[in-house]
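Colleague: So I've got this file, query_27.txt, and it contains compact mmCIF, C-alpha atoms:
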```
# COMPACT_ATOMS: atom_id res chain seq x y z
CA MET A 1 20.81 -8.52 26.04
CA PRO A 2 17.36 -8.71 24.42
CA PHE A 3 16.64 -7.08 21.07
CA TYR A 4 13.12 -6.41 19.82
CA PRO A 5 12.05 -6.03 16.17
CA SER A 6 10.72 -2.57 15.44
CA ILE A 7 11.10 0.19 12.87
CA GLY A 8 14.82 -0.39 12.42
CA VAL A 9 18.07 0.19 14.23
CA GLY A 10 19.69 3.45 15.23
CA GLY A 11 22.50 4.86 17.24
CA HIS A 12 26.08 5.60 16.46
CA CYS A 13 27.39 2.04 16.04
CA ILE A 14 24.97 -0.83 15.32
CA PRO A 15 23.54 0.52 12.03
CA VAL A 16 26.94 1.80 10.85
CA ASP A 17 29.79 -0.44 12.03
CA PRO A 18 28.70 -3.63 10.19
CA LEU A 19 28.62 -1.62 6.96
CA TYR A 20 32.23 -0.60 7.48
CA LEU A 21 33.10 -4.27 7.93
CA ALA A 22 31.12 -5.26 4.82
CA ASN A 23 32.83 -2.57 2.76
CA LYS A 24 36.28 -3.73 3.89
CA ALA A 25 35.34 -7.36 3.21
CA ARG A 26 34.27 -6.45 -0.35
CA ASP A 27 37.72 -4.89 -0.86
CA ILE A 28 39.23 -8.37 -0.39
CA ASN A 29 36.42 -10.23 -2.22
CA VAL A 30 34.80 -11.72 0.88
CA PRO A 31 30.98 -11.99 0.65
CA THR A 32 28.91 -10.25 3.31
CA ARG A 33 25.44 -11.42 2.32
CA PHE A 34 24.09 -11.57 5.89
CA ILE A 35 25.23 -8.02 6.74
CA ASP A 36 23.87 -6.67 3.46
CA LEU A 37 20.54 -8.46 3.92
CA ALA A 38 20.18 -7.24 7.52
CA ASP A 39 20.87 -3.67 6.41
CA GLU A 40 18.33 -3.96 3.58
CA ILE A 41 15.64 -5.24 5.93
CA ASN A 42 16.37 -2.57 8.53
CA GLN A 43 16.17 0.16 5.87
CA GLU A 44 12.77 -1.15 4.69
CA MET A 45 11.10 -1.29 8.11
CA PRO A 46 9.95 2.36 8.32
CA GLY A 47 8.22 1.94 4.94
CA TYR A 48 6.61 -1.28 6.16
CA PHE A 49 5.03 0.58 9.08
CA VAL A 50 3.91 3.43 6.81
CA GLY A 51 2.03 0.74 4.89
CA ARG A 52 0.56 -0.71 8.08
CA ALA A 53 -0.63 2.77 9.10
CA GLU A 54 -2.16 3.29 5.69
CA GLU A 55 -4.02 -0.03 5.96
CA LYS A 56 -5.22 0.73 9.48
CA LEU A 57 -6.70 4.10 8.47
CA GLY A 58 -7.72 3.27 4.91
CA GLY A 59 -5.26 5.87 3.61
CA LEU A 60 -3.12 8.58 5.17
CA ASN A 61 -4.01 11.70 3.18
CA ALA A 62 -4.94 14.51 5.62
CA LYS A 63 -4.92 12.09 8.59
CA LYS A 64 -3.42 13.36 11.84
CA VAL A 65 -0.74 10.90 12.90
CA LEU A 66 1.24 11.08 16.13
CA VAL A 67 4.60 9.31 16.28
CA VAL A 68 5.41 8.45 19.89
CA GLY A 69 9.12 8.26 20.71
CA VAL A 70 11.74 9.58 18.30
CA SER A 71 14.99 8.49 19.93
CA TYR A 72 16.66 5.40 18.52
CA LYS A 73 15.99 3.21 21.55
CA PRO A 74 13.78 3.23 24.66
CA ASN A 75 14.64 5.32 27.70
CA VAL A 76 17.40 7.41 26.10
CA ALA A 77 17.33 10.83 24.46
CA ASP A 78 19.80 9.91 21.69
CA ILE A 79 18.43 10.51 18.18
CA ARG A 80 21.57 9.59 16.20
CA GLU A 81 20.66 7.51 13.14
CA THR A 82 17.08 7.11 14.43
CA PRO A 83 14.88 5.19 11.97
CA VAL A 84 11.96 7.35 13.13
CA GLU A 85 13.10 10.05 10.72
CA SER A 86 12.42 7.74 7.75
CA LEU A 87 9.06 6.77 9.27
CA ILE A 88 7.99 10.41 9.55
CA THR A 89 9.22 11.21 6.03
CA GLY A 90 7.26 8.25 4.64
CA LEU A 91 4.08 9.28 6.44
CA ILE A 92 4.36 12.85 5.14
CA LYS A 93 4.89 11.59 1.57
CA LYS A 94 1.56 9.77 1.87
CA GLY A 95 -0.15 13.02 2.88
CA ALA A 96 -0.34 12.55 6.65
CA GLN A 97 -0.14 15.49 9.02
CA VAL A 98 2.56 14.21 11.35
CA SER A 99 3.36 15.33 14.87
CA TRP A 100 5.66 13.62 17.35
CA HIS A 101 5.91 13.22 21.08
CA ASP A 102 8.94 12.23 23.13
CA ASP A 103 9.30 13.04 26.83
CA LEU A 104 13.08 12.63 26.57
CA VAL A 105 13.65 14.48 23.28
CA LYS A 106 12.06 17.88 23.70
CA GLU A 107 13.24 19.40 20.39
CA TRP A 108 14.31 17.72 17.16
CA ASN A 109 14.73 18.87 13.57
CA GLY A 110 13.57 22.36 14.53
CA GLU A 111 10.30 21.09 16.01
CA LYS A 112 9.11 20.58 19.57
CA SER A 113 7.51 17.52 21.08
CA VAL A 114 3.71 17.84 21.19
CA THR A 115 1.49 16.87 24.10
CA LEU A 116 -0.16 13.47 24.14
CA SER A 117 -3.90 13.87 23.49
CA SER A 118 -6.86 12.25 21.79
CA ASN A 119 -6.73 14.71 18.85
CA PHE A 120 -5.14 12.25 16.41
CA ASP A 121 -6.42 9.69 13.93
CA LEU A 122 -3.59 7.29 14.77
CA ALA A 123 -0.67 7.00 17.18
CA ILE A 124 2.38 5.01 16.13
CA ILE A 125 4.50 3.79 19.02
CA ALA A 126 7.98 4.01 17.53
CA THR A 127 10.13 4.10 20.68
CA PRO A 128 8.35 2.95 23.85
CA HIS A 129 9.90 4.90 26.73
CA ASP A 130 8.84 3.71 30.18
CA CYS A 131 7.79 7.26 31.12
CA ILE A 132 5.17 7.68 28.38
CA ASP A 133 1.57 7.58 29.62
CA LEU A 134 -0.40 6.19 26.68
CA THR A 135 -3.71 6.60 28.53
CA LYS A 136 -3.52 10.28 27.54
CA LEU A 137 -4.28 9.17 23.96
CA GLY A 138 -7.80 8.18 24.95
CA ASN A 139 -9.41 6.12 22.17
CA VAL A 140 -6.86 6.96 19.47
CA PRO A 141 -6.03 3.77 17.54
CA ILE A 142 -2.47 2.62 18.21
CA LEU A 143 0.01 0.95 15.90
CA ASP A 144 2.79 -0.52 18.04
CA THR A 145 5.92 -1.14 15.96
CA ARG A 146 7.01 -3.81 18.42
CA GLY A 147 3.89 -5.84 17.74
CA SER A 148 2.23 -5.82 21.15
CA ILE A 149 -0.78 -3.63 20.24
```
As structure tokens - that is how I would like this structure written.

Modeller:
Amino acid sequence: MPFYPSIGVGGHCIPVDPLYLANKARDINVPTRFIDLADEINQEMPGYFVGRAEEKLGGLNAKKVLVVGVSYKPNVADIRETPVESLITGLIKKGAQVSWHDDLVKEWNGEKSVTLSSNFDLAIIATPHDCIDLTKLGNVPILDTRGSI
């Protein structure tokens, strides 16, 4: 099964289960450096992409940013433990006006998915669902968290 680096891991098991194991291992004085390091890196990834967005636009204050895909992995509607929440929070803390679009997640955190359009300063591809038509963004600059754009 392929895994692709991105803004972090989500879901109900992968980001959580290793931490249970690490905690139990600490109880019996067994080091879990690799698990702890992986968790630390995963937790830092949303902030890394906030920084990349800031660099791309020369700052985020009052910039209109669209986050594309909020579920924790492509082609599912599951938002449990999604790292996209930390990405959005980080963008807002830098002053960005953040909207999100997800064809599979219609409503999340009391907000509705917005329509893809060219009315944004930047689009961040967080979760690349197969059904998303990025041509609707027109000439909006894109930051692909999986490194392809």

Colleague: Near Glu107 in chain A, within 12 Å and counting all atoms listed in the file, which residues show up once chain neighbours fewer than 2 positions away are dropped, as a list in words?

Modeller: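 Here the qualifying residues turn out to be Gly69, Val70, Ser71, Ala77, Asp78, Ile79, Trp100, His101, Asp102, Asp103, Leu104, Val105, Asn109, Gly110, Glu111, Lys112, Ser113 and Val114 of chain A.
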
Colleague: Report, in Å to a single decimal, how far apart CA of Glu40 in chain A and CA of Tyr4 in chain A are.

Modeller: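 CA of Glu40 in chain A lies 17.2 Å from CA of Tyr4 in chain A.
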
Colleague: Give me, please, the distance in Å between CA of Pro83 in chain A and CA of Pro46 in chain A, quoted to one decimal.

Modeller: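 Computed distance, CA of Pro83 in chain A to CA of Pro46 in chain A, equals 6.8 Å.
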
Colleague: Restricting the calculation to only C-alpha atoms, which member of A:Val98, A:Thr145, A:Ile7, A:Gly90 is positioned closest to Ile125 in chain A?

Modeller: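 With only C-alpha atoms as the atom set, the closest residue is A:Thr145.
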
Colleague: Fewer than 6 positions away in the same chain doesn't count, so skip those; otherwise give me all residues within 12 Å of Leu37 in chain A, counting only C-alpha atoms, as an MDAnalysis selection string.

Modeller: chainID A and resid 18:19 22 31 43:44

Colleague: Could you tell me how far CA of Val84 in chain A sits from CA of Gly138 in chain A, in Å to one decimal place?

Modeller: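 Going from CA of Gly138 in chain A over to CA of Val84 in chain A covers 23.0 Å.
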
Colleague: Taking all atoms listed in the file into account, which of A:Lys63, A:Arg80, A:Lys73, A:His129 comes nearest Trp108 in chain A?

Modeller: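 For Trp108 in chain A, the nearest of the candidates is A:Arg80.
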
Colleague: Under the rule that all atoms listed in the file are counted, which of A:Ala38, A:Ala62, A:Leu91, A:Val76 is the nearest residue to Gly8 in chain A?

Modeller: A:Ala38

Colleague: Padding 3 Å on each side, edges along x, y and z: where is the centre of the box around the listed atoms of range 33-51 of chain A, and how long are its edges in Å to one decimal? Output it as JSON.

Modeller:
```
{"center_x": 13.7, "center_y": -4.1, "center_z": 5.7, "size_x": 29.4, "size_y": 21.0, "size_z": 12.8}
```
